[in-house]
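So this one's target_37.cif, mmCIF, C-alpha atoms:
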```cif
data_coords
#
loop_
_atom_site.label_atom_id
_atom_site.label_comp_id
_atom_site.auth_asym_id
_atom_site.auth_seq_id
_atom_site.Cartn_x
_atom_site.Cartn_y
_atom_site.Cartn_z
CA MET A 1 163.64 -38.94 54.51
CA ASN A 2 167.40 -39.24 54.82
CA PHE A 3 169.19 -40.35 51.70
CA ALA A 4 172.85 -41.30 51.49
CA VAL A 5 174.35 -40.65 48.06
CA LEU A 6 177.67 -42.39 47.51
CA GLN A 7 180.68 -40.73 45.91
CA PHE A 8 183.51 -42.71 44.36
CA PRO A 9 186.50 -41.25 42.56
CA GLY A 10 184.96 -40.79 39.11
CA SER A 11 181.29 -40.51 40.15
CA ASN A 12 179.71 -37.67 38.20
CA CYS A 13 175.96 -37.82 38.80
CA ASP A 14 176.18 -37.56 42.59
CA GLN A 15 175.40 -33.83 42.72
CA ASP A 16 172.45 -34.25 40.34
CA VAL A 17 170.93 -36.92 42.60
CA VAL A 18 171.44 -34.73 45.67
CA HIS A 19 169.89 -31.75 43.87
CA VAL A 20 166.75 -33.72 42.95
CA LEU A 21 166.34 -35.23 46.41
CA ARG A 22 167.00 -31.97 48.28
CA ASN A 23 165.81 -29.13 46.09
CA VAL A 24 163.17 -30.76 43.93
CA LEU A 25 161.66 -33.22 46.37
CA GLY A 26 162.53 -31.53 49.67
CA HIS A 27 164.26 -34.40 51.44
CA SER A 28 167.57 -34.68 53.20
CA ALA A 29 170.45 -36.05 51.13
CA ARG A 30 174.01 -36.50 52.29
CA LEU A 31 177.06 -37.29 50.20
CA LEU A 32 179.14 -40.18 51.50
CA TRP A 33 182.75 -40.58 50.37
CA HIS A 34 183.69 -44.11 49.32
CA LYS A 35 186.07 -44.40 52.28
CA ASP A 36 183.28 -43.89 54.80
CA SER A 37 182.46 -47.11 56.56
CA SER A 38 179.09 -46.11 57.98
CA LEU A 39 175.86 -44.98 56.34
CA GLY A 40 174.81 -43.06 59.43
CA GLU A 41 171.08 -42.57 59.79
CA ALA A 42 170.28 -43.20 56.15
CA ASP A 43 166.79 -44.44 55.24
CA ALA A 44 167.89 -45.29 51.71
CA VAL A 45 171.06 -45.31 49.62
CA VAL A 46 171.51 -44.07 46.06
CA ILE A 47 174.60 -45.13 44.12
CA PRO A 48 174.92 -42.56 41.33
CA GLY A 49 176.27 -42.78 37.83
CA GLY A 50 179.71 -41.92 36.57
CA PHE A 51 182.93 -43.73 35.86
CA SER A 52 184.09 -44.96 39.25
CA TYR A 53 187.82 -45.73 39.16
CA GLY A 54 187.88 -44.81 35.49
CA ASP A 55 185.93 -47.99 34.65
CA TYR A 56 189.28 -49.79 34.97
CA LEU A 57 189.26 -53.60 34.83
CA ARG A 58 185.44 -53.69 34.44
CA THR A 59 182.79 -51.10 35.21
CA GLY A 60 182.12 -51.12 38.94
CA ALA A 61 184.69 -53.86 39.62
CA ILE A 62 186.94 -51.79 41.88
CA ALA A 63 184.27 -49.59 43.49
CA ARG A 64 182.54 -52.65 44.92
CA PHE A 65 185.50 -53.18 47.26
CA SER A 66 185.33 -49.66 48.72
CA PRO A 67 184.72 -49.52 52.49
CA VAL A 68 181.34 -47.85 51.99
CA MET A 69 180.16 -50.87 49.99
CA CYS A 70 180.58 -53.13 53.06
CA ALA A 71 178.14 -50.84 54.84
CA VAL A 72 175.80 -51.01 51.82
CA GLN A 73 175.98 -54.84 51.84
CA ASN A 74 174.94 -54.89 55.52
CA PHE A 75 172.26 -52.26 54.97
CA ALA A 76 170.80 -54.23 52.05
CA ALA A 77 170.95 -57.50 54.00
CA GLN A 78 168.77 -55.87 56.65
CA GLY A 79 166.21 -54.84 54.04
CA GLY A 80 167.43 -51.27 53.48
CA LEU A 81 166.47 -49.70 50.14
CA VAL A 82 169.33 -49.27 47.67
CA LEU A 83 169.01 -47.76 44.19
CA GLY A 84 171.85 -47.83 41.66
CA VAL A 85 171.74 -45.64 38.57
CA CYS A 86 173.95 -46.40 35.55
CA ASN A 87 177.41 -46.94 37.06
CA GLY A 88 175.56 -47.55 40.34
CA PHE A 89 173.71 -50.43 38.64
CA GLN A 90 177.03 -51.79 37.37
CA ILE A 91 178.53 -51.59 40.88
CA LEU A 92 175.53 -53.42 42.40
CA CYS A 93 175.90 -56.24 39.87
CA GLU A 94 179.64 -56.51 40.50
CA ALA A 95 178.96 -56.56 44.25
CA GLY A 96 176.57 -59.47 43.80
CA LEU A 97 173.69 -57.44 45.22
CA LEU A 98 171.94 -57.76 41.87
CA PRO A 99 172.17 -60.74 39.51
CA GLY A 100 173.78 -60.60 36.07
CA ALA A 101 176.26 -58.16 34.59
CA LEU A 102 176.42 -55.12 32.31
CA ILE A 103 178.69 -55.51 29.33
CA ARG A 104 179.78 -53.45 26.31
CA ASN A 105 176.89 -52.14 24.21
CA ARG A 106 176.24 -54.41 21.25
CA SER A 107 176.90 -51.50 18.87
CA LEU A 108 180.21 -50.75 20.65
CA GLN A 109 179.01 -47.13 20.71
CA PHE A 110 178.57 -44.95 23.74
CA ARG A 111 174.84 -44.16 23.59
CA CYS A 112 173.74 -40.75 24.80
CA GLU A 113 170.09 -40.11 24.00
CA SER A 114 166.54 -40.19 25.36
CA ILE A 115 164.74 -43.50 25.39
CA PHE A 116 161.29 -44.77 26.32
CA LEU A 117 160.98 -47.02 29.30
CA LYS A 118 158.07 -49.23 30.26
CA THR A 119 157.61 -50.22 33.86
CA ALA A 120 157.13 -53.98 33.94
CA THR A 121 155.78 -54.10 37.49
CA THR A 122 154.64 -51.52 40.00
CA ASP A 123 155.15 -54.07 42.75
CA SER A 124 158.41 -52.67 44.11
CA PRO A 125 159.56 -49.72 46.24
CA PHE A 126 161.13 -48.24 43.11
CA THR A 127 158.09 -48.33 40.85
CA CYS A 128 155.05 -48.16 43.16
CA GLN A 129 154.15 -44.58 42.17
CA ILE A 130 154.53 -45.06 38.42
CA PRO A 131 151.18 -45.30 36.61
CA GLN A 132 150.93 -48.80 35.12
CA GLU A 133 150.77 -47.90 31.44
CA LYS A 134 152.87 -44.73 31.53
CA LEU A 135 155.97 -44.70 29.36
CA LEU A 136 158.87 -42.87 30.97
CA ARG A 137 161.03 -40.65 28.77
CA LEU A 138 164.51 -40.78 30.29
CA PRO A 139 168.05 -40.08 29.15
CA ILE A 140 170.72 -42.75 28.88
CA ALA A 141 174.47 -42.19 28.65
CA HIS A 142 176.55 -45.34 28.72
CA GLY A 143 178.96 -47.55 26.84
CA GLU A 144 178.45 -50.64 28.98
CA GLY A 145 174.73 -51.05 29.51
CA CYS A 146 174.01 -54.35 27.81
CA TYR A 147 172.38 -56.47 30.48
CA PHE A 148 173.50 -60.09 30.49
CA ALA A 149 172.54 -63.03 32.67
CA ASP A 150 172.52 -66.77 31.98
CA GLU A 151 169.26 -68.49 31.04
CA GLU A 152 168.65 -69.80 34.54
CA THR A 153 169.07 -66.35 36.10
CA LEU A 154 166.85 -64.78 33.44
CA GLY A 155 164.21 -67.39 34.16
CA ARG A 156 164.34 -66.55 37.85
CA LEU A 157 164.10 -62.80 37.15
CA ARG A 158 160.96 -63.40 35.09
CA ALA A 159 159.40 -65.88 37.51
CA ASN A 160 159.94 -63.59 40.51
CA ASN A 161 158.83 -60.46 38.68
CA GLN A 162 162.24 -58.85 39.20
CA ILE A 163 162.42 -57.08 35.84
CA LEU A 164 161.33 -53.52 36.66
CA TRP A 165 161.88 -51.65 33.40
CA ARG A 166 162.28 -52.48 29.70
CA TYR A 167 163.38 -50.32 26.77
CA VAL A 168 160.40 -49.81 24.45
CA ASP A 169 159.42 -47.74 21.42
CA ALA A 170 156.99 -44.79 21.53
CA GLN A 171 154.11 -47.26 21.29
CA GLY A 172 155.32 -49.20 24.31
CA GLU A 173 156.57 -52.23 22.37
CA ALA A 174 159.87 -53.82 23.37
CA THR A 175 161.44 -54.03 19.90
CA GLU A 176 165.01 -54.58 18.79
CA GLN A 177 165.18 -50.99 17.48
CA SER A 178 164.12 -49.61 20.85
CA ASN A 179 166.87 -51.52 22.63
CA PRO A 180 169.82 -49.09 22.75
CA ASN A 181 172.50 -51.49 23.96
CA GLY A 182 171.55 -55.07 23.18
CA SER A 183 170.30 -55.93 26.66
CA LEU A 184 168.69 -59.36 26.95
CA ASP A 185 164.90 -59.11 26.91
CA ASN A 186 165.24 -55.28 26.54
CA ILE A 187 166.03 -55.14 30.27
CA ALA A 188 166.79 -51.62 31.52
CA GLY A 189 166.41 -52.22 35.24
CA ILE A 190 165.90 -55.02 37.74
CA CYS A 191 165.55 -55.61 41.46
CA ASN A 192 166.82 -58.37 43.73
CA GLU A 193 164.64 -61.21 44.95
CA THR A 194 163.76 -59.42 48.19
CA ARG A 195 162.87 -56.29 46.16
CA ASN A 196 164.89 -53.83 48.26
CA VAL A 197 167.84 -53.37 45.88
CA ALA A 198 167.34 -52.10 42.34
CA GLY A 199 169.42 -50.80 39.47
CA LEU A 200 168.69 -49.17 36.13
CA MET A 201 170.82 -47.78 33.32
CA PRO A 202 168.69 -44.70 32.44
CA HIS A 203 169.09 -41.54 34.53
CA PRO A 204 165.93 -40.51 36.42
CA GLU A 205 167.86 -37.70 38.15
CA ARG A 206 168.51 -36.02 34.80
CA ALA A 207 164.79 -35.84 34.03
CA SER A 208 163.11 -34.77 37.23
CA GLU A 209 162.19 -31.17 36.44
CA PRO A 210 160.10 -29.69 33.59
CA ILE A 211 162.86 -27.15 32.90
CA LEU A 212 165.03 -30.07 31.79
CA GLY A 213 162.41 -31.11 29.26
CA CYS A 214 160.92 -33.97 31.20
CA ALA A 215 160.08 -34.79 34.80
CA ASP A 216 159.27 -38.50 34.42
CA GLY A 217 162.32 -39.46 36.48
CA ARG A 218 160.68 -37.99 39.59
CA LEU A 219 158.33 -40.96 39.67
CA VAL A 220 161.21 -43.29 40.54
CA PHE A 221 162.29 -41.14 43.49
CA GLU A 222 158.68 -40.52 44.53
CA SER A 223 158.14 -44.28 44.57
CA LEU A 224 161.11 -44.69 46.91
CA ILE A 225 159.87 -41.91 49.19
CA GLU A 226 156.35 -43.35 49.29
CA ALA A 227 157.70 -46.83 50.08
CA LEU A 228 159.86 -45.40 52.87
CA SER A 229 157.03 -43.40 54.42
CA GLN A 230 154.72 -46.42 54.28
CA ALA A 231 157.38 -48.52 56.02
CA GLN A 232 157.79 -45.84 58.70
CA THR A 233 154.04 -45.60 59.26
CA GLU A 234 153.83 -49.38 59.64
CA LYS A 235 156.75 -49.33 62.06
CA ALA A 236 155.11 -46.62 64.16
CA ALA A 237 151.77 -48.48 64.25
CA MET B 1 207.56 -65.26 40.19
CA LYS B 2 205.21 -64.03 37.55
CA ALA B 3 201.53 -64.82 37.03
CA LYS B 4 200.26 -64.59 33.47
CA ILE B 5 196.49 -64.37 33.41
CA ILE B 6 194.19 -64.57 30.41
CA ILE B 7 190.57 -63.50 30.79
CA THR B 8 188.06 -64.17 28.02
CA PRO B 9 184.34 -63.56 27.60
CA LYS B 10 182.28 -66.71 28.21
CA LYS B 11 180.98 -68.51 25.11
CA ALA B 12 177.37 -67.50 25.80
CA VAL B 13 178.30 -63.83 26.17
CA LEU B 14 178.05 -61.60 23.15
CA ASP B 15 181.46 -60.21 22.19
CA PRO B 16 180.86 -57.27 19.84
CA GLN B 17 184.58 -56.39 19.85
CA GLY B 18 185.42 -59.89 18.66
CA LYS B 19 182.77 -59.68 15.92
CA THR B 20 184.13 -56.31 14.75
CA VAL B 21 187.71 -57.61 14.65
CA GLN B 22 186.49 -60.70 12.78
CA SER B 23 184.82 -58.64 10.07
CA ALA B 24 187.86 -56.34 9.86
CA LEU B 25 190.08 -59.39 9.30
CA ALA B 26 187.77 -60.62 6.55
CA HIS B 27 187.64 -57.14 5.06
CA ILE B 28 191.41 -56.91 4.66
CA GLY B 29 191.64 -60.32 3.10
CA TYR B 30 192.25 -62.87 5.86
CA SER B 31 189.91 -65.67 4.94
CA GLY B 32 188.77 -68.58 7.06
CA VAL B 33 188.48 -66.72 10.36
CA ASN B 34 185.64 -68.55 12.09
CA ASP B 35 185.43 -66.55 15.29
CA VAL B 36 187.32 -63.94 17.31
CA ARG B 37 187.04 -63.39 21.03
CA VAL B 38 188.69 -60.36 22.61
CA GLY B 39 189.83 -60.73 26.19
CA LYS B 40 192.38 -59.34 28.62
CA TYR B 41 195.90 -60.28 29.54
CA LEU B 42 197.39 -59.45 32.93
CA GLU B 43 200.93 -59.95 34.18
CA ILE B 44 201.41 -59.87 37.91
CA ASP B 45 204.79 -59.87 39.61
CA LEU B 46 204.69 -61.87 42.80
CA ALA B 47 207.00 -61.82 45.77
CA GLY B 48 205.19 -64.88 47.11
CA PRO B 49 207.07 -67.58 48.99
CA ASP B 50 206.12 -70.61 46.94
CA ARG B 51 204.37 -71.63 43.77
CA GLU B 52 201.39 -73.35 45.41
CA THR B 53 200.54 -70.34 47.61
CA ALA B 54 200.89 -68.09 44.58
CA ARG B 55 198.56 -70.35 42.59
CA GLN B 56 195.92 -70.24 45.32
CA GLN B 57 196.27 -66.48 45.69
CA ILE B 58 195.94 -65.80 41.98
CA ASP B 59 193.00 -68.19 41.63
CA ASP B 60 191.26 -66.41 44.49
CA ALA B 61 192.01 -62.97 43.03
CA CYS B 62 190.80 -64.04 39.58
CA HIS B 63 187.54 -65.24 41.05
CA LYS B 64 187.03 -62.27 43.35
CA ILE B 65 188.10 -59.25 41.32
CA LEU B 66 190.21 -59.85 38.22
CA SER B 67 187.40 -61.59 36.35
CA ASN B 68 183.63 -61.56 36.67
CA PRO B 69 182.49 -65.21 36.72
CA VAL B 70 179.08 -64.18 35.37
CA ILE B 71 180.54 -63.13 32.02
CA GLU B 72 184.18 -64.23 31.91
CA ASP B 73 186.43 -67.28 32.10
CA TYR B 74 190.03 -67.12 33.21
CA ARG B 75 193.16 -69.21 33.06
CA PHE B 76 196.66 -68.51 34.27
CA GLU B 77 200.13 -69.86 34.63
CA ILE B 78 202.81 -69.12 37.20
CA GLU B 79 206.36 -68.75 35.95
#
```
Please express what this file holds, its structure, as structure tokens.
Amino acid sequence: MNFAVLQFPGSNCDQDVVHVLRNVLGHSARLLWHKDSSLGEADAVVIPGGFSYGDYLRTGAIARFSPVMCAVQNFAAQGGLVLGVCNGFQILCEAGLLPGALIRNRSLQFRCESIFLKTATTDSPFTCQIPQEKLLRLPIAHGEGCYFADEETLGRLRANNQILWRYVDAQGEATEQSNPNGSLDNIAGICNETRNVAGLMPHPERASEPILGCADGRLVFESLIEALSQAQTEKAA
Amino acid sequence: MKAKIIITPKKAVLDPQGKTVQSALAHIGYSGVNDVRVGKYLEIDLAGPDRETARQQIDDACHKILSNPVIEDYRFEIE
């Protein structure tokens, strides 16, 4: 598969995403500078973490107006798969490609630790390869990861099964203690209504090899790859 | 002309900064502080031709980029 990995001034997880896609999973991944206005032949787009534009104004607020984001808007509108990680999630919310917003952690602290994540639904291109009851052990590193949406939006997310991941404890329970940032309903990741755009605060690319202590993050990328290859098979048939 | 813009977190949005400032105020002896909300203040110098165009421009910019309508309210005046 061909992945496009976006680079904004201040992105800092771009090379990690490329490494996992290329060297760990054996797919093609190309870095795209934020001034590029075309995604080329990309099958999917990953918007990596970091601090685009120094997080000025609000996280992701300035990056969403980069030329490359126009291309991402069009790509997503045509059903293209887009995954945003951490700052990428924040950018997708600011761009209106995902509902809600990510605000300052309730504790006001920057949280840098490993958390447990429960996949709420495997019915998405981002979760289809994750075993139903498996808890993912993934790192987080953010100061603005508290997911907020108004009641109506939250209701829609629940009704349409758009909540993909929740922060849980080691037993798989979504408790207040297991919620690192105060996110509503322990939400760690969501997708859009058409299920082709998703974002999450934890970093799957930082936990995709056993040498890093955990390879659970691979399952997110493997889901994407499986979804893409299924789509290509259907297209060919 | 100058636009003075105030952006505040919406009522329904948790404002941990405001809560921290509130408890700091109480801690150093300021009593009767019911609530604190921490927002942003922006001053924009405008070369715009007239007040009404400036108003429309700033309103548009506030909606599009300067604030996030999901979590923030804004108000402004043109001087």
Once the PyMOL selection byres ((chain A) within 8 of (chain B)) is applied to the coordinates I shared, what remains selected? I want it as a PDB file with C-alpha atoms, in the coordinates of the input.
```
ATOM      1  CA  LEU A  57     189.260 -53.600  34.830  1.00  0.00           C
ATOM      2  CA  ALA A  61     184.690 -53.860  39.620  1.00  0.00           C
ATOM      3  CA  ILE A  62     186.940 -51.790  41.880  1.00  0.00           C
ATOM      4  CA  GLU A  94     179.640 -56.510  40.500  1.00  0.00           C
ATOM      5  CA  GLY A 100     173.780 -60.600  36.070  1.00  0.00           C
ATOM      6  CA  ALA A 101     176.260 -58.160  34.590  1.00  0.00           C
ATOM      7  CA  ARG A 104     179.780 -53.450  26.310  1.00  0.00           C
ATOM      8  CA  ASN A 105     176.890 -52.140  24.210  1.00  0.00           C
ATOM      9  CA  ARG A 106     176.240 -54.410  21.250  1.00  0.00           C
ATOM     10  CA  SER A 107     176.900 -51.500  18.870  1.00  0.00           C
ATOM     11  CA  LEU A 108     180.210 -50.750  20.650  1.00  0.00           C
ATOM     12  CA  PHE A 148     173.500 -60.090  30.490  1.00  0.00           C
ATOM     13  CA  ALA A 149     172.540 -63.030  32.670  1.00  0.00           C
ATOM     14  CA  ASP A 150     172.520 -66.770  31.980  1.00  0.00           C
TER      15      ASP A 150
END
```
Between CA of Arg30 (chain A) and CA of Thr122 (chain A), distance in Å (one decimal): 27.4 Å
Any idea what's packed within 9 Å of region 49-58 of chain B, counting all atoms listed in the file, ignoring anything in its chain fewer than 6 positions away? Could you give it as a list in words? Met1, Ala3, Ile5, Phe76, Glu77, Ile78 and Glu79 of chain B
Set the distance at 9 Å and use only C-alpha atoms: which residues neighbour Asp14 (chain A) once local chain neighbours fewer than 3 positions away are removed? I'd like the list as a list in words. Val5, Leu6, Gln7, Ser11, Val17, Val18, His19, Leu31, Val46, Ile47, Pro48, Gly49 and Gly50 of chain A
Keeping only C-alpha atoms, write the selected residues to a file as a PDB file, keeping the file's coordinate frame.
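Everything below was put into selection.pdb:
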```
ATOM      1  CA  VAL A   5     174.350 -40.650  48.060  1.00  0.00           C
ATOM      2  CA  LEU A   6     177.670 -42.390  47.510  1.00  0.00           C
ATOM      3  CA  GLN A   7     180.680 -40.730  45.910  1.00  0.00           C
ATOM      4  CA  SER A  11     181.290 -40.510  40.150  1.00  0.00           C
ATOM      5  CA  VAL A  17     170.930 -36.920  42.600  1.00  0.00           C
ATOM      6  CA  VAL A  18     171.440 -34.730  45.670  1.00  0.00           C
ATOM      7  CA  HIS A  19     169.890 -31.750  43.870  1.00  0.00           C
ATOM      8  CA  LEU A  31     177.060 -37.290  50.200  1.00  0.00           C
ATOM      9  CA  VAL A  46     171.510 -44.070  46.060  1.00  0.00           C
ATOM     10  CA  ILE A  47     174.600 -45.130  44.120  1.00  0.00           C
ATOM     11  CA  PRO A  48     174.920 -42.560  41.330  1.00  0.00           C
ATOM     12  CA  GLY A  49     176.270 -42.780  37.830  1.00  0.00           C
ATOM     13  CA  GLY A  50     179.710 -41.920  36.570  1.00  0.00           C
TER      14      GLY A  50
END
```
Selection under test: the PyMOL selection byres ((chain A and resi 130) around 12); residues as a VMD selection string: chain A and resid 117 to 129 131 to 136 164 to 165 216 to 224 226
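Applied to the shown file, the PyMOL selection byres ((chain A and resi 207-214) around 8) selects the residues Val20, Val24, Arg137, Leu138, Pro139, His203, Pro204, Glu205, Arg206, Ala215, Asp216, Gly217 and Arg218 of chain A.
Counting from CA of Ala29 (chain A), the distance to CA of Asn2 (chain A) is 5.8 Å.
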